Each structure stands twice: as C-alpha cells, then as structure tokens.
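**Q** Data file my_file.txt (compact mmCIF, C-alpha atoms) is appended below.
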# COMPACT_ATOMS: atom_id res chain seq x y z
CA MET S 1 -30.67 12.50 75.07
CA ILE S 2 -31.89 11.24 71.70
CA GLU S 3 -30.81 14.48 70.07
CA PHE S 4 -27.32 14.02 71.51
CA LEU S 5 -27.11 10.45 70.22
CA LEU S 6 -28.32 11.51 66.78
CA SER S 7 -25.78 14.32 66.60
CA LEU S 8 -23.05 11.91 67.75
CA LEU S 9 -24.10 9.44 65.06
CA PHE S 10 -24.04 12.25 62.49
CA VAL S 11 -20.50 13.21 63.50
CA LEU S 12 -19.34 9.60 63.39
CA LEU S 13 -20.87 8.89 59.99
CA PHE S 14 -20.31 12.11 58.11
CA VAL S 15 -17.13 13.49 59.66
CA LEU S 16 -15.12 10.61 61.06
CA GLY S 17 -16.29 8.11 58.42
CA PRO S 18 -14.65 9.86 55.46
CA LEU S 19 -11.52 10.50 57.53
CA LEU S 20 -11.26 6.83 58.46
CA LEU S 21 -11.90 5.84 54.85
CA ALA S 22 -9.17 8.21 53.64
CA ALA S 23 -6.74 6.86 56.25
CA ALA S 24 -7.51 3.30 55.17
CA GLY S 25 -6.93 4.30 51.54
CA VAL S 26 -3.54 5.80 52.38
CA ALA S 27 -2.53 2.70 54.35
CA VAL S 28 -3.57 0.31 51.58
CA GLY S 29 -1.81 2.48 48.98
CA TRP S 30 1.44 2.43 50.96
CA ILE S 31 1.24 -1.35 51.39
CA VAL S 32 0.60 -1.93 47.67
CA GLU S 33 3.45 0.42 46.72
CA ALA S 34 5.88 -1.20 49.19
CA ASN S 35 5.00 -4.68 47.91
CA HIS S 36 5.52 -3.54 44.32
CA PHE S 37 8.97 -2.15 45.18
CA ARG S 38 9.87 -5.48 46.87
CA ARG S 39 8.82 -7.44 43.77
CA LEU S 40 10.83 -5.09 41.56
CA GLU S 41 13.95 -5.53 43.72
CA GLU S 42 13.61 -9.31 43.59
CA GLY S 43 13.21 -9.30 39.80
CA GLU S 44 16.19 -6.96 39.39
CA ARG S 45 18.31 -9.28 41.54
CA GLN S 46 17.31 -12.28 39.42
CA LEU S 47 18.22 -10.50 36.17
CA GLY S 48 21.33 -8.72 37.47
CA HIS S 49 23.59 -10.93 35.34
CA LEU S 50 22.40 -9.25 32.12
CA VAL S 51 24.58 -6.44 30.78
CA VAL S 52 22.47 -3.34 30.11
CA SER S 53 23.68 -0.18 28.40
CA ASP S 54 22.36 2.89 26.62
CA LEU S 55 25.44 3.03 24.37
CA LYS S 56 24.89 2.68 20.63
CA GLN S 57 28.03 0.66 19.87
CA LEU S 58 29.50 -2.40 21.50
CA PRO S 59 33.09 -2.40 22.73
CA GLU S 60 35.51 -3.49 20.01
CA ASN S 61 36.48 -6.75 21.74
CA TRP S 62 32.86 -7.98 21.96
CA ALA S 63 31.36 -10.31 19.37
CA ALA S 64 27.55 -10.15 19.12
CA SER S 65 25.00 -12.47 17.54
CA ASP S 66 21.25 -13.06 17.50
CA ALA S 67 20.17 -9.43 17.78
CA SER S 68 16.50 -8.79 18.41
CA LEU S 69 14.34 -5.92 19.58
CA VAL S 70 12.98 -6.30 23.11
CA CYS S 71 10.59 -4.02 24.91
CA GLY S 72 8.73 -3.73 28.17
CA GLU S 73 5.72 -1.60 28.95
CA ALA S 74 4.20 -0.59 32.25
CA ALA S 75 1.08 1.46 32.89
CA ILE S 76 0.72 2.50 36.52
CA ALA S 77 -2.39 4.27 37.80
CA ARG S 78 -2.06 7.28 40.01
CA ASP S 79 -3.37 7.28 43.56
CA SER S 80 -6.19 9.84 43.84
CA LEU S 81 -5.44 10.75 47.44
CA LYS S 82 -1.73 11.23 46.70
CA SER S 83 -2.68 13.33 43.69
CA PHE S 84 -4.83 15.53 45.89
CA LEU S 85 -1.91 16.01 48.27
CA ALA S 86 0.39 16.66 45.30
CA GLY S 87 -2.03 19.35 44.16
CA LEU S 88 -1.61 21.05 47.52
CA ARG S 89 2.17 20.77 47.12
CA ARG S 90 1.97 22.46 43.71
CA LEU S 91 0.52 25.53 45.43
CA VAL S 92 3.72 26.13 47.39
CA GLY S 93 6.24 24.50 45.06
CA GLY S 94 8.85 21.84 45.64
CA ARG S 95 9.29 18.17 44.89
CA ILE S 96 6.18 16.06 44.42
CA ARG S 97 7.32 12.73 45.84
CA ALA S 98 4.03 10.99 45.02
CA TYR S 99 4.68 11.47 41.31
CA GLU S 100 8.37 10.59 41.67
CA THR S 101 7.56 7.18 43.14
CA LEU S 102 4.88 6.64 40.50
CA MET S 103 7.40 7.29 37.72
CA GLU S 104 10.09 5.20 39.43
CA ARG S 105 7.76 2.21 39.75
CA ALA S 106 6.65 2.45 36.12
CA ARG S 107 10.21 2.88 34.81
CA ARG S 108 11.62 -0.02 36.81
CA GLU S 109 8.69 -2.27 35.89
CA ALA S 110 9.10 -1.51 32.17
CA LEU S 111 12.86 -2.18 32.32
CA LEU S 112 12.28 -5.42 34.20
CA ARG S 113 9.77 -6.62 31.62
CA MET S 114 12.22 -5.75 28.84
CA LEU S 115 14.98 -7.73 30.58
CA ARG S 116 12.68 -10.73 31.05
CA GLN S 117 11.95 -10.68 27.33
CA ALA S 118 15.69 -10.53 26.59
CA GLN S 119 16.40 -13.44 28.93
CA ALA S 120 13.63 -15.49 27.28
CA ALA S 121 15.35 -14.83 23.92
CA GLY S 122 18.60 -16.24 25.33
CA ALA S 123 20.41 -12.89 25.35
CA ASN S 124 23.06 -11.92 27.89
CA ALA S 125 23.10 -8.20 27.03
CA VAL S 126 20.64 -5.46 26.07
CA TRP S 127 22.20 -2.59 24.19
CA ASN S 128 21.03 0.86 23.09
CA VAL S 129 18.34 0.92 25.80
CA ARG S 130 15.84 3.77 25.62
CA VAL S 131 13.01 4.71 27.98
CA SER S 132 10.01 6.79 27.03
CA SER S 133 7.09 7.93 29.18
CA SER S 134 3.69 9.45 28.68
CA ALA S 135 0.74 10.52 30.79
CA VAL S 136 -2.35 8.35 30.42
CA GLY S 137 -5.71 10.05 30.58
CA GLY S 138 -7.85 12.45 28.69
CA GLY S 139 -11.44 13.48 28.60
CA GLU S 140 -12.96 16.90 28.82
CA ARG S 141 -10.82 18.22 31.67
CA GLN S 142 -7.64 16.40 30.57
CA LYS S 143 -7.28 14.53 33.87
CA THR S 144 -4.29 12.22 34.08
CA PHE S 145 -5.10 8.70 35.23
CA GLY S 146 -1.55 7.41 35.38
CA VAL S 147 1.67 7.00 33.45
CA LEU S 148 2.84 4.70 30.68
CA VAL S 149 6.53 3.88 30.40
CA ILE S 150 8.08 1.94 27.52
CA ALA S 151 11.62 0.58 27.69
CA TYR S 152 13.20 -0.93 24.58
CA GLY S 153 16.60 -2.01 23.34
CA THR S 154 18.51 -4.57 21.31
CA ALA S 155 18.94 -7.97 22.95
CA LEU S 156 22.22 -9.63 22.03
CA LYS S 157 24.22 -12.75 22.70
CA VAL S 158 27.72 -11.40 23.24
CA ARG S 159 31.12 -12.98 23.78
CA GLY S 160 34.20 -11.21 25.03
CA THR S 161 32.48 -9.27 27.81
CA GLU S 162 35.47 -9.60 30.11
CA ALA S 163 36.95 -6.24 31.09
Can the structure from this file be put into structure tokens for me?

**A**
Amino acid sequence: MIEFLLSLLFVLLFVLGPLLLAAAGVAVGWIVEANHFRRLEEGERQLGHLVVSDLKQLPENWAASDASLVCGEAAIARDSLKSFLAGLRRLVGGRIRAYETLMERARREALLRMLRQAQAAGANAVWNVRVSSSAVGGGERQKTFGVLVIAYGTALKVRGTEA
C-alpha cells in the first residue's frame, strides 16, 4: 500500500506537476496578452483624432508648423512556452501565430507611444512615419529574448486638413 501511495505521489509531483505548471503558464500568458491588446485598443481610440501617414510630403492645401521628431519604442519579451510550440511549428512549416502576435503587440505599442509624444507636443498630425524592428537577445547560442520595435515620424500642427 505504501509503495502504491509513493508511486502515486511520484506521478503527481513529477508528471502532473510540470503539466499543471505549463497549463498555468499558458493561461497567464493568454490573459496578459489579452489585457495588453485591450489597453492598446483603448489608447488607439483615444488618439484616433491624430492624422498619421507614411507619406513624405503633405497635401498642397495643408499648412504645417511646429515640426518635431517623435518616436516610440517597445520591447516585448517572448513567451518561452509559445516559442517552444513555435519551434515545433517550424518543423512542419506554416504561419507562426505566436510570433505574429508578439510583433503586432510591439508595433502597436511603439506607434501608440509615438502618438502620445506627438499629442503632448500639441501636434494634430504625424507625417513620414517609419517603423523598424529588431530581435533582442544574444549570447553564445544567439537565443532571441524578444523584439524591439521603434516607430518615428514628424509631428506637425497642420491647418487645412479638410478633404
């Protein structure tokens, strides 16, 4: 009887324990990611009045003043469990959604920070917007720890924005 209880305890601790821990990690990761997306949507709604463009030149009927460089940066860490699952996906090919959501979160966060900086400068438009990204990591085996996204553009006060 004691041998049975010890073997049951072994199974619970060393087999089910890591599985439960992994499941908890996945659940917490999903909750954190969902909350981040909600905060991004709220921030984008609040700053939706700003005109944003990647064009180099303003329309001819617009008059601009008070130009200044604005930028936003976001470094988002990768989720180790999602990266493990993405590694399995790389074996068979196809989209790696875990990395797509990572990049989307970082890009949107960087753009939002850039727009907040423009709003603080009193601008109503950000022109010539550019977005750049890079993997963050290094070390002996060149492991990637996350992504860094930088968004930058020219904040302007414009008049004549009517279509």

**Q** If I take atom CA of Ala135 of chain S and atom CA of Leu85 of chain S, how far is one from the other in Å, to one decimal?

**A**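 Here the two named atoms are 18.5 Å from each other.
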
**Q** Let me make sure I understand: among S:Arg39, S:Leu69, S:Lys56, S:Leu81, which one has the smallest atom-to-atom distance to Ala24 of chain S if we use all atoms listed in the file?

**A**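 Going through S:Arg39, S:Leu69, S:Lys56, S:Leu81 one by one, the smallest distance to Ala24 of chain S is for S:Leu81.
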
**Q** Tell me, as a list in words, which residues lie within 8 Å of segment 124-130 of chain S, counting only C-alpha atoms; anything in the same chain fewer than 6 positions away does not count.

**A**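 Selected residues are His49, Leu50, Val51, Val52, Ser53, Asp54, Leu55, Lys56, Gln57, Leu58, Leu115, Ala118, Ala151, Tyr152, Gly153, Thr154, Ala155, Leu156, Lys157 and Val158 of chain S.
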
**Q** If I take atom CA of Arg105 of chain S and atom CA of Arg78 of chain S, how far is one from the other in Å, to one decimal?

**A** 11.1 Å

**Q** Counting only C-alpha atoms, figure out which residue out of S:Pro59, S:Gln119, S:Val131, S:Val147 gets nearest to Tyr99 of chain S.

**A**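 Using only C-alpha atoms, Tyr99 of chain S sits closest to S:Val147.
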
**Q** Given the choices S:Asp66, S:Glu41, S:Glu3, S:Asp79, which gets closest to Gly29 of chain S if the distance is worked out from all atoms listed in the file?

**A**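 Of S:Asp66, S:Glu41, S:Glu3, S:Asp79, the one nearest Gly29 of chain S is S:Asp79, counting all atoms listed in the file.
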
**Q** Go ahead and compute the interatomic distance for atom CA of Phe145 of chain S and atom CA of Ala77 of chain S, in Å to one decimal.

**A**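 Atom CA of Ala77 of chain S lies at a distance of 5.8 Å from atom CA of Phe145 of chain S.
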
**Q** Please define a box with edges along x, y and z of the file around all atoms of segment 33-50 of chain S given in the file, extend it by 6 Å on each side, and return its centre and edge lengths in Å to one decimal, as JSON.

**A**
{"center_x": 13.5, "center_y": -5.9, "center_z": 40.7, "size_x": 32.1, "size_y": 24.7, "size_z": 29.1}

**Q** Could you check the closest approach to Arg159 of chain S for each of S:Ala121, S:Leu88, S:Leu40, S:Ala64 and tell me which residue wins, using only C-alpha atoms?

**A**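 Once distances to Arg159 of chain S are computed over only C-alpha atoms, the minimum belongs to S:Ala64.
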
**Q** Tell me which protein, DNA and RNA residues are within 8 Å of Ala98 of chain S, counting only C-alpha atoms, leaving out same-chain ones fewer than 5 positions away, and put them as an MDAnalysis selection string.

**A** chainID S and resid 82:83 86

**Q** Can you list, as a list in words, every protein, DNA or RNA residue that comes within 7 Å of Gly72 of chain S when you count all atoms listed in the file, leaving out same-chain residues fewer than 2 positions away?

**A**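 So the residues in contact are Ala74, Ala110, Leu111, Arg113, Met114, Ile150, Ala151 and Tyr152 of chain S.
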
**Q** Write out as a VMD selection string the residues lying within 12 Å of segment 36-38 of chain S, counting only C-alpha atoms and excluding same-chain residues fewer than 4 positions away.

**A** chain S and resid 29 to 32 42 to 45 76 101 to 102 104 to 109 112

**Q** Those same residues - C-alpha atoms - I'd like them written as a compact mmCIF listing (two decimals), in the frame of the given file.

**A**
# COMPACT_ATOMS: atom_id res chain seq x y z
CA GLY S 29 -1.81 2.48 48.98
CA TRP S 30 1.44 2.43 50.96
CA ILE S 31 1.24 -1.35 51.39
CA VAL S 32 0.60 -1.93 47.67
CA GLU S 42 13.61 -9.31 43.59
CA GLY S 43 13.21 -9.30 39.80
CA GLU S 44 16.19 -6.96 39.39
CA ARG S 45 18.31 -9.28 41.54
CA ILE S 76 0.72 2.50 36.52
CA THR S 101 7.56 7.18 43.14
CA LEU S 102 4.88 6.64 40.50
CA GLU S 104 10.09 5.20 39.43
CA ARG S 105 7.76 2.21 39.75
CA ALA S 106 6.65 2.45 36.12
CA ARG S 107 10.21 2.88 34.81
CA ARG S 108 11.62 -0.02 36.81
CA GLU S 109 8.69 -2.27 35.89
CA LEU S 112 12.28 -5.42 34.20

**Q** Write segment 54-65 of chain S as an mmCIF file, in the coordinates of the input, completed to all heavy atoms.

**A**
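So the final result, stored in out24.cif, reads:
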data_model
loop_
_atom_site.group_PDB
_atom_site.id
_atom_site.type_symbol
_atom_site.label_atom_id
_atom_site.label_comp_id
_atom_site.auth_asym_id
_atom_site.auth_seq_id
_atom_site.Cartn_x
_atom_site.Cartn_y
_atom_site.Cartn_z
ATOM 1 N N ASP S 54 23.025 1.978 27.567
ATOM 2 C CA ASP S 54 22.360 2.890 26.620
ATOM 3 C C ASP S 54 23.298 3.302 25.486
ATOM 4 O O ASP S 54 22.929 4.131 24.659
ATOM 5 C CB ASP S 54 21.822 4.117 27.345
ATOM 6 C CG ASP S 54 22.909 4.968 27.966
ATOM 7 O OD1 ASP S 54 24.076 4.510 28.027
ATOM 8 O OD2 ASP S 54 22.606 6.090 28.389
ATOM 9 N N LEU S 55 24.498 2.716 25.440
ATOM 10 C CA LEU S 55 25.440 3.030 24.370
ATOM 11 C C LEU S 55 24.952 2.458 23.043
ATOM 12 O O LEU S 55 24.280 1.428 23.000
ATOM 13 C CB LEU S 55 26.822 2.457 24.688
ATOM 14 C CG LEU S 55 27.496 3.020 25.938
ATOM 15 C CD1 LEU S 55 28.798 2.277 26.211
ATOM 16 C CD2 LEU S 55 27.736 4.502 25.790
ATOM 17 N N LYS S 56 25.316 3.138 21.951
ATOM 18 C CA LYS S 56 24.890 2.680 20.630
ATOM 19 C C LYS S 56 25.792 1.595 20.066
ATOM 20 O O LYS S 56 25.356 0.763 19.277
ATOM 21 C CB LYS S 56 24.826 3.862 19.656
ATOM 22 C CG LYS S 56 23.718 4.828 19.987
ATOM 23 C CD LYS S 56 23.653 5.938 18.971
ATOM 24 C CE LYS S 56 22.517 6.893 19.325
ATOM 25 N NZ LYS S 56 22.350 7.941 18.329
ATOM 26 N N GLN S 57 27.078 1.618 20.430
ATOM 27 C CA GLN S 57 28.030 0.660 19.870
ATOM 28 C C GLN S 57 28.606 -0.212 20.971
ATOM 29 O O GLN S 57 28.847 0.245 22.087
ATOM 30 C CB GLN S 57 29.152 1.391 19.153
ATOM 31 C CG GLN S 57 28.669 2.148 17.936
ATOM 32 C CD GLN S 57 29.819 2.801 17.196
ATOM 33 O OE1 GLN S 57 30.940 2.846 17.685
ATOM 34 N NE2 GLN S 57 29.539 3.322 16.004
ATOM 35 N N LEU S 58 28.867 -1.466 20.582
ATOM 36 C CA LEU S 58 29.500 -2.400 21.500
ATOM 37 C C LEU S 58 30.995 -2.114 21.589
ATOM 38 O O LEU S 58 31.572 -1.577 20.637
ATOM 39 C CB LEU S 58 29.307 -3.832 20.995
ATOM 40 C CG LEU S 58 27.894 -4.398 21.020
ATOM 41 C CD1 LEU S 58 27.870 -5.740 20.314
ATOM 42 C CD2 LEU S 58 27.397 -4.543 22.436
ATOM 43 N N PRO S 59 31.621 -2.495 22.681
ATOM 44 C CA PRO S 59 33.090 -2.400 22.730
ATOM 45 C C PRO S 59 33.712 -3.251 21.616
ATOM 46 O O PRO S 59 33.138 -4.250 21.189
ATOM 47 C CB PRO S 59 33.425 -2.975 24.113
ATOM 48 C CG PRO S 59 32.187 -2.776 24.923
ATOM 49 C CD PRO S 59 31.044 -2.921 23.952
ATOM 50 N N GLU S 60 34.874 -2.840 21.162
ATOM 51 C CA GLU S 60 35.510 -3.490 20.010
ATOM 52 C C GLU S 60 35.812 -4.967 20.239
ATOM 53 O O GLU S 60 35.785 -5.760 19.308
ATOM 54 C CB GLU S 60 36.789 -2.744 19.638
ATOM 55 C CG GLU S 60 36.515 -1.381 19.057
ATOM 56 C CD GLU S 60 37.798 -0.657 18.683
ATOM 57 O OE1 GLU S 60 38.837 -1.332 18.505
ATOM 58 O OE2 GLU S 60 37.742 0.570 18.550
ATOM 59 N N ASN S 61 36.105 -5.363 21.478
ATOM 60 C CA ASN S 61 36.480 -6.750 21.740
ATOM 61 C C ASN S 61 35.274 -7.667 21.954
ATOM 62 O O ASN S 61 35.431 -8.834 22.248
ATOM 63 C CB ASN S 61 37.418 -6.837 22.951
ATOM 64 C CG ASN S 61 36.785 -6.300 24.217
ATOM 65 O OD1 ASN S 61 35.930 -5.409 24.169
ATOM 66 N ND2 ASN S 61 37.193 -6.823 25.351
ATOM 67 N N TRP S 62 34.049 -7.166 21.786
ATOM 68 C CA TRP S 62 32.860 -7.980 21.960
ATOM 69 C C TRP S 62 32.370 -8.482 20.607
ATOM 70 O O TRP S 62 32.360 -7.753 19.621
ATOM 71 C CB TRP S 62 31.731 -7.173 22.595
ATOM 72 C CG TRP S 62 31.928 -6.884 24.053
ATOM 73 C CD1 TRP S 62 33.090 -6.928 24.752
ATOM 74 C CD2 TRP S 62 30.924 -6.481 24.978
ATOM 75 N NE1 TRP S 62 32.884 -6.577 26.050
ATOM 76 C CE2 TRP S 62 31.556 -6.294 26.223
ATOM 77 C CE3 TRP S 62 29.575 -6.245 24.884
ATOM 78 C CZ2 TRP S 62 30.871 -5.903 27.359
ATOM 79 C CZ3 TRP S 62 28.885 -5.851 26.012
ATOM 80 C CH2 TRP S 62 29.529 -5.692 27.234
ATOM 81 N N ALA S 63 31.952 -9.731 20.574
ATOM 82 C CA ALA S 63 31.360 -10.310 19.370
ATOM 83 C C ALA S 63 29.885 -10.584 19.673
ATOM 84 O O ALA S 63 29.561 -11.286 20.627
ATOM 85 C CB ALA S 63 32.069 -11.601 19.001
ATOM 86 N N ALA S 64 28.984 -10.029 18.864
ATOM 87 C CA ALA S 64 27.550 -10.150 19.120
ATOM 88 C C ALA S 64 26.877 -11.006 18.063
ATOM 89 O O ALA S 64 27.298 -11.046 16.908
ATOM 90 C CB ALA S 64 26.913 -8.760 19.139
ATOM 91 N N SER S 65 25.811 -11.694 18.472
ATOM 92 C CA SER S 65 25.000 -12.470 17.540
ATOM 93 C C SER S 65 23.552 -12.456 18.019
ATOM 94 O O SER S 65 23.257 -12.066 19.145
ATOM 95 C CB SER S 65 25.513 -13.912 17.447
ATOM 96 O OG SER S 65 25.384 -14.553 18.702
#
